[in-house]
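Undergrad: Here you go, start-v9.cif (mmCIF, N, CA and C atoms and all ligand atoms):
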data_work
loop_
_atom_site.label_atom_id
_atom_site.label_comp_id
_atom_site.auth_asym_id
_atom_site.auth_seq_id
_atom_site.Cartn_x
_atom_site.Cartn_y
_atom_site.Cartn_z
N MET A 1 24.63 -45.24 23.97
CA MET A 1 23.87 -44.15 24.61
C MET A 1 24.14 -42.82 23.91
N LYS A 2 25.46 -42.53 23.79
CA LYS A 2 25.84 -41.29 23.09
C LYS A 2 25.30 -41.30 21.66
N PHE A 3 25.46 -42.48 21.06
CA PHE A 3 25.05 -42.59 19.65
C PHE A 3 23.55 -42.30 19.50
N SER A 4 22.75 -42.87 20.37
CA SER A 4 21.30 -42.70 20.21
C SER A 4 20.89 -41.25 20.45
N LYS A 5 21.64 -40.56 21.36
CA LYS A 5 21.35 -39.13 21.56
C LYS A 5 21.63 -38.34 20.29
N ALA A 6 22.79 -38.68 19.68
CA ALA A 6 23.15 -38.01 18.43
C ALA A 6 22.12 -38.32 17.36
N ALA A 7 21.71 -39.55 17.30
CA ALA A 7 20.72 -39.95 16.30
C ALA A 7 19.41 -39.19 16.53
N ALA A 8 19.07 -39.05 17.81
CA ALA A 8 17.83 -38.33 18.13
C ALA A 8 17.95 -36.86 17.70
N ALA A 9 19.15 -36.29 17.94
CA ALA A 9 19.37 -34.90 17.56
C ALA A 9 19.27 -34.74 16.06
N ILE A 10 19.88 -35.67 15.35
CA ILE A 10 19.83 -35.60 13.88
C ILE A 10 18.38 -35.74 13.41
N GLY A 11 17.67 -36.64 14.07
CA GLY A 11 16.26 -36.83 13.70
C GLY A 11 15.47 -35.56 13.90
N THR A 12 15.72 -34.87 15.01
CA THR A 12 15.03 -33.61 15.30
C THR A 12 15.37 -32.56 14.26
N LEU A 13 16.68 -32.50 13.93
CA LEU A 13 17.14 -31.54 12.94
C LEU A 13 16.45 -31.81 11.59
N ALA A 14 16.38 -33.08 11.22
CA ALA A 14 15.76 -33.44 9.95
C ALA A 14 14.30 -33.00 9.95
N LEU A 15 13.64 -33.17 11.07
CA LEU A 15 12.24 -32.75 11.18
C LEU A 15 12.12 -31.24 11.00
N LEU A 16 13.03 -30.51 11.67
CA LEU A 16 13.00 -29.05 11.57
C LEU A 16 13.22 -28.61 10.13
N ILE A 17 14.21 -29.23 9.47
CA ILE A 17 14.50 -28.86 8.08
C ILE A 17 13.30 -29.20 7.21
N GLY A 18 12.73 -30.36 7.47
CA GLY A 18 11.58 -30.80 6.69
C GLY A 18 10.41 -29.85 6.84
N ALA A 19 10.28 -29.26 8.03
CA ALA A 19 9.13 -28.38 8.28
C ALA A 19 9.43 -26.94 7.89
N ALA A 20 10.71 -26.66 7.59
CA ALA A 20 11.17 -25.29 7.41
C ALA A 20 10.58 -24.52 6.22
N PRO A 21 10.38 -25.17 5.06
CA PRO A 21 10.12 -24.32 3.88
C PRO A 21 8.80 -23.53 3.92
N ALA A 22 8.72 -22.60 4.85
CA ALA A 22 7.63 -21.64 4.84
C ALA A 22 7.88 -20.64 3.72
N PHE A 23 9.17 -20.42 3.43
CA PHE A 23 9.56 -19.57 2.32
C PHE A 23 10.13 -20.45 1.21
N SER A 24 9.59 -20.31 0.05
CA SER A 24 10.13 -21.09 -1.07
C SER A 24 9.94 -20.26 -2.32
N HIS A 25 10.71 -20.60 -3.34
CA HIS A 25 10.49 -19.80 -4.53
C HIS A 25 9.32 -20.35 -5.35
N ALA A 26 8.77 -19.46 -6.12
CA ALA A 26 7.54 -19.78 -6.85
C ALA A 26 7.83 -20.72 -8.01
N LYS A 27 6.93 -21.67 -8.19
CA LYS A 27 7.01 -22.59 -9.33
C LYS A 27 5.80 -22.36 -10.23
N LEU A 28 6.03 -22.40 -11.52
CA LEU A 28 4.92 -22.31 -12.47
C LEU A 28 4.13 -23.61 -12.43
N ILE A 29 2.83 -23.50 -12.24
CA ILE A 29 1.97 -24.70 -12.19
C ILE A 29 1.27 -24.92 -13.52
N SER A 30 0.75 -23.84 -14.09
CA SER A 30 -0.01 -24.00 -15.33
C SER A 30 -0.06 -22.67 -16.07
N SER A 31 -0.51 -22.74 -17.30
CA SER A 31 -0.67 -21.51 -18.07
C SER A 31 -1.85 -21.67 -19.02
N THR A 32 -2.40 -20.51 -19.42
CA THR A 32 -3.43 -20.46 -20.45
C THR A 32 -3.00 -19.40 -21.46
N PRO A 33 -2.75 -19.75 -22.73
CA PRO A 33 -2.72 -21.10 -23.27
C PRO A 33 -1.64 -21.96 -22.60
N ALA A 34 -1.85 -23.26 -22.64
CA ALA A 34 -0.87 -24.18 -22.04
C ALA A 34 0.38 -24.24 -22.91
N ALA A 35 1.49 -24.60 -22.28
CA ALA A 35 2.75 -24.79 -23.01
C ALA A 35 2.54 -25.83 -24.10
N GLY A 36 2.94 -25.48 -25.32
CA GLY A 36 2.84 -26.42 -26.43
C GLY A 36 1.49 -26.43 -27.11
N ALA A 37 0.53 -25.67 -26.59
CA ALA A 37 -0.82 -25.69 -27.15
C ALA A 37 -0.91 -24.88 -28.44
N THR A 38 -1.93 -25.17 -29.23
CA THR A 38 -2.31 -24.33 -30.36
C THR A 38 -3.66 -23.72 -30.02
N ALA A 39 -3.72 -22.40 -30.03
CA ALA A 39 -4.93 -21.71 -29.59
C ALA A 39 -5.33 -20.68 -30.64
N SER A 40 -6.50 -20.11 -30.46
CA SER A 40 -6.90 -19.00 -31.33
C SER A 40 -7.67 -17.99 -30.49
N GLY A 41 -7.74 -16.77 -30.99
CA GLY A 41 -8.45 -15.72 -30.25
C GLY A 41 -7.84 -15.43 -28.90
N VAL A 42 -6.49 -15.49 -28.82
CA VAL A 42 -5.83 -15.30 -27.52
C VAL A 42 -5.69 -13.80 -27.23
N LYS A 43 -6.42 -13.34 -26.24
CA LYS A 43 -6.34 -11.93 -25.82
C LYS A 43 -5.82 -11.79 -24.40
N THR A 44 -5.74 -12.93 -23.71
CA THR A 44 -5.24 -12.97 -22.34
C THR A 44 -4.31 -14.16 -22.17
N VAL A 45 -3.19 -13.91 -21.53
CA VAL A 45 -2.28 -15.01 -21.18
C VAL A 45 -2.17 -15.02 -19.67
N THR A 46 -2.42 -16.18 -19.08
CA THR A 46 -2.38 -16.31 -17.63
C THR A 46 -1.37 -17.37 -17.23
N LEU A 47 -0.48 -17.02 -16.32
CA LEU A 47 0.48 -17.96 -15.76
C LEU A 47 0.15 -18.13 -14.28
N THR A 48 -0.02 -19.36 -13.85
CA THR A 48 -0.39 -19.61 -12.46
C THR A 48 0.76 -20.28 -11.73
N PHE A 49 1.10 -19.72 -10.57
CA PHE A 49 2.22 -20.20 -9.76
C PHE A 49 1.71 -20.80 -8.45
N ASP A 50 2.64 -21.44 -7.72
CA ASP A 50 2.24 -22.10 -6.47
C ASP A 50 2.42 -21.19 -5.26
N ASP A 51 2.81 -19.95 -5.50
CA ASP A 51 3.12 -19.07 -4.38
C ASP A 51 2.71 -17.64 -4.73
N ALA A 52 2.49 -16.83 -3.72
CA ALA A 52 2.12 -15.44 -3.95
C ALA A 52 3.30 -14.68 -4.55
N LEU A 53 3.02 -13.82 -5.52
CA LEU A 53 4.06 -13.10 -6.25
C LEU A 53 4.17 -11.67 -5.73
N MET A 54 5.40 -11.14 -5.77
CA MET A 54 5.61 -9.73 -5.47
C MET A 54 5.38 -8.95 -6.76
N ALA A 55 4.30 -8.22 -6.80
CA ALA A 55 3.86 -7.58 -8.04
C ALA A 55 4.94 -6.70 -8.69
N PRO A 56 5.64 -5.83 -7.92
CA PRO A 56 6.58 -4.93 -8.60
C PRO A 56 7.76 -5.65 -9.23
N LEU A 57 8.00 -6.89 -8.81
CA LEU A 57 9.20 -7.62 -9.26
C LEU A 57 8.85 -8.78 -10.20
N SER A 58 7.60 -8.86 -10.59
CA SER A 58 7.15 -9.98 -11.42
C SER A 58 6.55 -9.44 -12.71
N GLY A 59 6.79 -10.13 -13.80
CA GLY A 59 6.23 -9.67 -15.06
C GLY A 59 6.51 -10.65 -16.18
N LEU A 60 6.13 -10.27 -17.37
CA LEU A 60 6.38 -11.12 -18.54
C LEU A 60 6.42 -10.30 -19.82
N ASP A 61 7.07 -10.87 -20.81
CA ASP A 61 7.06 -10.34 -22.17
C ASP A 61 6.49 -11.41 -23.09
N ILE A 62 5.71 -10.99 -24.06
CA ILE A 62 5.21 -11.91 -25.08
C ILE A 62 5.96 -11.60 -26.36
N VAL A 63 6.68 -12.60 -26.86
CA VAL A 63 7.51 -12.40 -28.04
C VAL A 63 7.00 -13.29 -29.16
N MET A 64 6.68 -12.66 -30.29
CA MET A 64 6.28 -13.41 -31.47
C MET A 64 7.53 -13.92 -32.16
N GLY A 65 7.58 -15.22 -32.43
CA GLY A 65 8.76 -15.84 -33.02
C GLY A 65 9.04 -15.33 -34.41
N ALA A 66 10.29 -15.46 -34.83
CA ALA A 66 10.69 -15.04 -36.16
C ALA A 66 9.96 -15.86 -37.22
N MET A 67 9.64 -15.21 -38.32
CA MET A 67 9.04 -15.89 -39.47
C MET A 67 9.85 -15.48 -40.69
N PRO A 68 9.71 -16.22 -41.81
CA PRO A 68 10.47 -15.81 -43.00
C PRO A 68 10.24 -14.32 -43.29
N GLY A 69 11.31 -13.55 -43.35
CA GLY A 69 11.21 -12.13 -43.66
C GLY A 69 10.87 -11.26 -42.49
N MET A 70 10.77 -11.84 -41.28
CA MET A 70 10.42 -11.02 -40.11
C MET A 70 11.15 -11.53 -38.86
N ALA A 71 11.82 -10.60 -38.19
CA ALA A 71 12.54 -10.98 -36.98
C ALA A 71 11.56 -11.19 -35.83
N ALA A 72 12.02 -11.87 -34.80
CA ALA A 72 11.22 -12.01 -33.58
C ALA A 72 10.85 -10.63 -33.07
N MET A 73 9.66 -10.52 -32.49
CA MET A 73 9.14 -9.19 -32.14
C MET A 73 8.42 -9.26 -30.80
N LYS A 74 8.85 -8.36 -29.90
CA LYS A 74 8.16 -8.28 -28.62
C LYS A 74 6.82 -7.56 -28.83
N MET A 75 5.75 -8.15 -28.35
CA MET A 75 4.43 -7.56 -28.52
C MET A 75 4.30 -6.34 -27.61
N THR A 76 3.74 -5.28 -28.16
CA THR A 76 3.53 -4.07 -27.38
C THR A 76 2.06 -3.97 -26.97
N GLY A 77 1.75 -3.04 -26.10
CA GLY A 77 0.38 -2.85 -25.66
C GLY A 77 -0.11 -3.98 -24.77
N VAL A 78 0.82 -4.63 -24.07
CA VAL A 78 0.45 -5.74 -23.18
C VAL A 78 0.41 -5.21 -21.75
N LYS A 79 -0.73 -5.37 -21.11
CA LYS A 79 -0.85 -4.96 -19.70
C LYS A 79 -0.72 -6.19 -18.82
N VAL A 80 0.22 -6.13 -17.88
CA VAL A 80 0.47 -7.29 -17.00
C VAL A 80 0.15 -6.92 -15.57
N LYS A 81 -0.61 -7.77 -14.91
CA LYS A 81 -0.85 -7.55 -13.48
C LYS A 81 -0.88 -8.89 -12.77
N VAL A 82 -0.74 -8.82 -11.45
CA VAL A 82 -0.89 -10.02 -10.63
C VAL A 82 -2.37 -10.24 -10.43
N GLY A 83 -2.83 -11.45 -10.70
CA GLY A 83 -4.25 -11.77 -10.62
C GLY A 83 -4.76 -11.83 -9.19
N SER A 84 -6.07 -11.87 -9.06
CA SER A 84 -6.67 -11.96 -7.73
C SER A 84 -6.21 -13.26 -7.09
N GLY A 85 -5.90 -13.21 -5.81
CA GLY A 85 -5.32 -14.36 -5.13
C GLY A 85 -3.81 -14.26 -5.07
N GLY A 86 -3.23 -13.42 -5.95
CA GLY A 86 -1.80 -13.11 -5.85
C GLY A 86 -0.86 -14.13 -6.45
N LYS A 87 -1.39 -15.24 -6.97
CA LYS A 87 -0.51 -16.30 -7.44
C LYS A 87 -0.44 -16.43 -8.95
N SER A 88 -1.00 -15.47 -9.66
CA SER A 88 -0.96 -15.56 -11.12
C SER A 88 -0.52 -14.24 -11.73
N LEU A 89 0.05 -14.35 -12.92
CA LEU A 89 0.35 -13.19 -13.75
C LEU A 89 -0.65 -13.21 -14.89
N VAL A 90 -1.32 -12.09 -15.11
CA VAL A 90 -2.33 -12.01 -16.15
C VAL A 90 -1.91 -10.91 -17.13
N ALA A 91 -1.69 -11.30 -18.37
CA ALA A 91 -1.33 -10.35 -19.42
C ALA A 91 -2.53 -10.15 -20.32
N THR A 92 -2.92 -8.92 -20.50
CA THR A 92 -4.07 -8.61 -21.36
C THR A 92 -3.57 -7.81 -22.56
N LEU A 93 -3.98 -8.29 -23.74
CA LEU A 93 -3.58 -7.64 -24.99
C LEU A 93 -4.69 -6.73 -25.48
N ALA A 94 -4.29 -5.70 -26.21
CA ALA A 94 -5.27 -4.79 -26.79
C ALA A 94 -6.13 -5.50 -27.83
N LYS A 95 -5.51 -6.38 -28.62
CA LYS A 95 -6.26 -7.19 -29.59
C LYS A 95 -5.71 -8.61 -29.57
N PRO A 96 -6.50 -9.56 -30.07
CA PRO A 96 -6.04 -10.95 -30.07
C PRO A 96 -4.71 -11.10 -30.81
N LEU A 97 -3.89 -12.04 -30.36
CA LEU A 97 -2.60 -12.28 -31.00
C LEU A 97 -2.80 -12.77 -32.43
N PRO A 98 -2.03 -12.21 -33.38
CA PRO A 98 -2.07 -12.74 -34.75
C PRO A 98 -1.49 -14.16 -34.79
N ALA A 99 -1.81 -14.87 -35.86
CA ALA A 99 -1.28 -16.23 -36.02
C ALA A 99 0.24 -16.20 -35.98
N GLY A 100 0.81 -17.16 -35.30
CA GLY A 100 2.26 -17.23 -35.19
C GLY A 100 2.66 -18.09 -34.01
N SER A 101 3.96 -18.14 -33.77
CA SER A 101 4.46 -18.88 -32.60
C SER A 101 4.94 -17.85 -31.57
N TYR A 102 4.70 -18.14 -30.32
CA TYR A 102 4.97 -17.17 -29.26
C TYR A 102 5.76 -17.79 -28.12
N ASP A 103 6.63 -16.96 -27.57
CA ASP A 103 7.31 -17.29 -26.31
C ASP A 103 6.85 -16.28 -25.27
N VAL A 104 6.43 -16.77 -24.14
CA VAL A 104 6.14 -15.89 -23.00
C VAL A 104 7.32 -16.02 -22.05
N ASN A 105 8.13 -14.96 -21.98
CA ASN A 105 9.30 -14.95 -21.09
C ASN A 105 8.89 -14.30 -19.78
N TRP A 106 8.88 -15.10 -18.71
CA TRP A 106 8.36 -14.57 -17.44
C TRP A 106 9.44 -14.52 -16.37
N HIS A 107 9.23 -13.63 -15.42
CA HIS A 107 10.09 -13.57 -14.23
C HIS A 107 9.20 -13.27 -13.04
N VAL A 108 9.45 -13.95 -11.94
CA VAL A 108 8.66 -13.71 -10.74
C VAL A 108 9.56 -13.74 -9.51
N VAL A 109 9.14 -13.01 -8.49
CA VAL A 109 9.78 -13.06 -7.18
C VAL A 109 8.68 -13.33 -6.17
N SER A 110 8.92 -14.30 -5.29
CA SER A 110 7.96 -14.57 -4.22
C SER A 110 8.63 -14.33 -2.88
N ASP A 111 8.08 -14.92 -1.83
CA ASP A 111 8.50 -14.52 -0.47
C ASP A 111 9.95 -14.87 -0.10
N ASP A 112 10.63 -15.70 -0.88
CA ASP A 112 12.03 -15.98 -0.53
C ASP A 112 13.00 -15.05 -1.27
N ASN A 113 12.43 -14.09 -2.02
CA ASN A 113 13.21 -13.07 -2.74
C ASN A 113 14.06 -13.60 -3.87
N HIS A 114 13.85 -14.84 -4.27
CA HIS A 114 14.58 -15.35 -5.42
C HIS A 114 13.85 -14.97 -6.71
N ARG A 115 14.63 -14.50 -7.67
CA ARG A 115 14.06 -14.18 -8.97
C ARG A 115 14.10 -15.46 -9.81
N ILE A 116 12.94 -15.92 -10.21
CA ILE A 116 12.82 -17.14 -11.01
C ILE A 116 12.35 -16.74 -12.40
N THR A 117 12.97 -17.30 -13.41
CA THR A 117 12.56 -16.99 -14.78
C THR A 117 12.22 -18.27 -15.53
N GLY A 118 11.44 -18.09 -16.58
CA GLY A 118 11.10 -19.25 -17.40
C GLY A 118 10.42 -18.79 -18.68
N LYS A 119 10.05 -19.79 -19.47
CA LYS A 119 9.47 -19.51 -20.78
C LYS A 119 8.35 -20.49 -21.05
N VAL A 120 7.24 -19.98 -21.55
CA VAL A 120 6.13 -20.82 -22.00
C VAL A 120 5.93 -20.51 -23.48
N SER A 121 5.91 -21.55 -24.31
CA SER A 121 5.74 -21.35 -25.75
C SER A 121 4.44 -21.97 -26.21
N PHE A 122 3.74 -21.26 -27.09
CA PHE A 122 2.53 -21.80 -27.68
C PHE A 122 2.36 -21.23 -29.08
N THR A 123 1.38 -21.75 -29.77
CA THR A 123 1.13 -21.35 -31.17
C THR A 123 -0.26 -20.77 -31.27
N VAL A 124 -0.40 -19.74 -32.07
CA VAL A 124 -1.73 -19.19 -32.38
C VAL A 124 -1.99 -19.42 -33.85
N LYS A 125 -3.17 -19.95 -34.14
CA LYS A 125 -3.50 -20.19 -35.56
C LYS A 125 -4.61 -19.28 -36.00
CU CU A 201 13.94 -19.61 -3.94
#
Can you give me the file's structure in the form of structure tokens?
TA:
Amino acid sequence: MKFSKAAAAIGTLALLIGAAPAFSHAKLISSTPAAGATASGVKTVTLTFDDALMAPLSGLDIVMGAMPGMAAMKMTGVKVKVGSGGKSLVATLAKPLPAGSYDVNWHVVSDDNHRITGKVSFTVK
């Protein structure tokens, strides 16, 4: 009798925990260009997450990879905003990215206040 009450309590607790994640940290779902892709004429980079982002605490840098005779270089003139719907970061460049390899280093904060970071790499030809 006691055991089944305890089991019932644990079952209820498990249900509550299972239902709890109203707050969760944001996960990257997709990007344009996609990770590992080779693209051309890239003037916009979009990262799409599964959760609404806090705009003041979310952003990204686009870094052109090192090439013979040239160190890695953070691209300037990049405007970053949270896209309509609140779940994406949209970076707009003044001109299309030159040929090279790129890392997009991103950081986002969503409703659980956790700062999540990651990297998306792609190539421009
Ligand atoms: Cu979190």
Undergrad: Hey, which residues sit close to ligand CU 201 (chain A)? Say within 8 Å, counting all atoms listed in the file, and write them as a count of residues only.
TA: 11
Undergrad: Given all atoms listed in the file as the basis, pick out the residue of A:Ser31, A:Thr123, A:Trp106, A:Thr76 nearest to A:Leu93.
TA: A:Thr76
Undergrad: Would you compute the distance between atom N of A:Pro96 and atom CA of A:Val109? Give it in Å to one decimal.
TA: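 The value is 28.3 Å.
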Undergrad: Please identify all polymer residues within 12 Å of A:Ala72, counting only C-alpha atoms, omitting same-chain residues fewer than 2 positions from it, and present them as an NGL selection string.
TA: :A and (62-70 or 74-75 or 100-103)
Undergrad: Which residue, A:Thr117, A:Gly86, A:Pro33, A:Met73, has the smallest gap to A:Asp51 when you use all atoms listed in the file?
TA: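 Once distances to A:Asp51 are computed over all atoms listed in the file, the minimum belongs to A:Gly86.
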Undergrad: With a distance cut-off of 10 Å and only C-alpha atoms, select the neighbouring residues of A:Gly59, excluding the residue or stretch itself and same-chain residues fewer than 6 positions from it, and output the selection as an MDAnalysis selection string.
TA: chainID A and resid 53 79:82 89:91 105:109 117
Undergrad: Show me as a short mmCIF file (atom, residue, chain, number, x, y, z; two decimals) with N, CA and C atoms, keeping the file's coordinate frame the residues that reach within 8 Å of (-0.6, -13.5, -35.8), counting only C-alpha atoms and using the file's own coordinates.
TA:
data_model
loop_
_atom_site.label_atom_id
_atom_site.label_comp_id
_atom_site.auth_asym_id
_atom_site.auth_seq_id
_atom_site.Cartn_x
_atom_site.Cartn_y
_atom_site.Cartn_z
N LEU A 97 -3.89 -12.04 -30.36
CA LEU A 97 -2.60 -12.28 -31.00
C LEU A 97 -2.80 -12.77 -32.43
N PRO A 98 -2.03 -12.21 -33.38
CA PRO A 98 -2.07 -12.74 -34.75
C PRO A 98 -1.49 -14.16 -34.79
N ALA A 99 -1.81 -14.87 -35.86
CA ALA A 99 -1.28 -16.23 -36.02
C ALA A 99 0.24 -16.20 -35.98
N GLY A 100 0.81 -17.16 -35.30
CA GLY A 100 2.26 -17.23 -35.19
C GLY A 100 2.66 -18.09 -34.01
N VAL A 124 -0.40 -19.74 -32.07
CA VAL A 124 -1.73 -19.19 -32.38
C VAL A 124 -1.99 -19.42 -33.85
N LYS A 125 -3.17 -19.95 -34.14
CA LYS A 125 -3.50 -20.19 -35.56
C LYS A 125 -4.61 -19.28 -36.00
#
Undergrad: Could you check how far atom CA of A:Thr38 sits from atom C of A:Lys87, in Å to one decimal?
TA: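 These two atoms are separated by 22.9 Å.
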Undergrad: Taking every listed atom of stretch 63-80 of chain A and adding 6 Å to each side, what centre and edge lengths in Å (one decimal) does the axis-aligned box have, as lines of an AutoDock Vina configuration file?
TA:
center_x = 5.8
center_y = -9.5
center_z = -29.6
size_x = 25.4
size_y = 25.4
size_z = 40.1
Undergrad: Please measure the separation of atom CA of A:Asp50 and atom C of A:Ser88, giving the value in Å to one decimal.
TA: 9.9 Å
Undergrad: Check chain A with DSSP on the backbone and list each residue it calls strand (DSSP E or B), as a PyMOL selection string.
TA: chain A and resi 28-32+38-39+44-49+59-64+67+70+73-74+78-82+88-93+100-109+115-124
Undergrad: Show me, as a PyMOL selection string, the residues that have an atom within 6.5 Å of A:Ala35 when counting only N, CA and C atoms, minus same-chain residues fewer than 6 positions from it.
TA: chain A and resi 120-122
Undergrad: Can you list, as an NGL selection string, all residues belonging to chain A that DSSP tags as alpha helix (DSSP H)?
TA: :A and (2-19)
Undergrad: My structure is short of atoms at stretch 80-98 of chain A; please model N, CA, C and O atoms there, returning them as a CSV table (one decimal), in the frame of the given file.
TA:
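Okay, result11.csv is ready:
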chain,number,residue,atom,x,y,z
A,80,VAL,N,0.2,-6.1,-17.9
A,80,VAL,CA,0.5,-7.3,-17.0
A,80,VAL,C,0.2,-6.9,-15.6
A,80,VAL,O,0.6,-5.9,-15.1
A,81,LYS,N,-0.6,-7.8,-14.9
A,81,LYS,CA,-0.8,-7.6,-13.5
A,81,LYS,C,-0.9,-8.9,-12.8
A,81,LYS,O,-1.0,-9.9,-13.4
A,82,VAL,N,-0.7,-8.8,-11.4
A,82,VAL,CA,-0.9,-10.0,-10.6
A,82,VAL,C,-2.4,-10.2,-10.4
A,82,VAL,O,-3.1,-9.3,-10.1
A,83,GLY,N,-2.8,-11.4,-10.7
A,83,GLY,CA,-4.2,-11.8,-10.6
A,83,GLY,C,-4.8,-11.8,-9.2
A,83,GLY,O,-4.0,-11.9,-8.2
A,84,SER,N,-6.1,-11.9,-9.1
A,84,SER,CA,-6.7,-12.0,-7.7
A,84,SER,C,-6.2,-13.3,-7.1
A,84,SER,O,-6.1,-14.3,-7.7
A,85,GLY,N,-5.9,-13.2,-5.8
A,85,GLY,CA,-5.3,-14.4,-5.1
A,85,GLY,C,-3.8,-14.3,-5.1
A,85,GLY,O,-3.2,-14.9,-4.3
A,86,GLY,N,-3.2,-13.4,-6.0
A,86,GLY,CA,-1.8,-13.1,-5.8
A,86,GLY,C,-0.9,-14.1,-6.4
A,86,GLY,O,0.3,-13.9,-6.4
A,87,LYS,N,-1.4,-15.2,-7.0
A,87,LYS,CA,-0.5,-16.3,-7.4
A,87,LYS,C,-0.4,-16.4,-9.0
A,87,LYS,O,0.1,-17.4,-9.5
A,88,SER,N,-1.0,-15.5,-9.7
A,88,SER,CA,-1.0,-15.6,-11.1
A,88,SER,C,-0.5,-14.2,-11.7
A,88,SER,O,-0.7,-13.2,-11.1
A,89,LEU,N,0.0,-14.4,-12.9
A,89,LEU,CA,0.4,-13.2,-13.8
A,89,LEU,C,-0.6,-13.2,-14.9
A,89,LEU,O,-0.8,-14.2,-15.6
A,90,VAL,N,-1.3,-12.1,-15.1
A,90,VAL,CA,-2.3,-12.0,-16.2
A,90,VAL,C,-1.9,-10.9,-17.1
A,90,VAL,O,-1.8,-9.7,-16.7
A,91,ALA,N,-1.7,-11.3,-18.4
A,91,ALA,CA,-1.3,-10.4,-19.4
A,91,ALA,C,-2.5,-10.2,-20.3
A,91,ALA,O,-3.1,-11.1,-20.8
A,92,THR,N,-2.9,-8.9,-20.5
A,92,THR,CA,-4.1,-8.6,-21.4
A,92,THR,C,-3.6,-7.8,-22.6
A,92,THR,O,-2.9,-6.8,-22.4
A,93,LEU,N,-4.0,-8.3,-23.7
A,93,LEU,CA,-3.6,-7.6,-25.0
A,93,LEU,C,-4.7,-6.7,-25.5
A,93,LEU,O,-5.9,-7.0,-25.2
A,94,ALA,N,-4.3,-5.7,-26.2
A,94,ALA,CA,-5.3,-4.8,-26.8
A,94,ALA,C,-6.1,-5.5,-27.8
A,94,ALA,O,-7.3,-5.3,-27.9
A,95,LYS,N,-5.5,-6.4,-28.6
A,95,LYS,CA,-6.3,-7.2,-29.6
A,95,LYS,C,-5.7,-8.6,-29.6
A,95,LYS,O,-4.6,-8.8,-29.1
A,96,PRO,N,-6.5,-9.6,-30.1
A,96,PRO,CA,-6.0,-11.0,-30.1
A,96,PRO,C,-4.7,-11.1,-30.8
A,96,PRO,O,-4.4,-10.4,-31.8
A,97,LEU,N,-3.9,-12.0,-30.4
A,97,LEU,CA,-2.6,-12.3,-31.0
A,97,LEU,C,-2.8,-12.8,-32.4
A,97,LEU,O,-3.6,-13.6,-32.7
A,98,PRO,N,-2.0,-12.2,-33.4
A,98,PRO,CA,-2.1,-12.7,-34.8
A,98,PRO,C,-1.5,-14.2,-34.8
A,98,PRO,O,-0.8,-14.6,-33.9
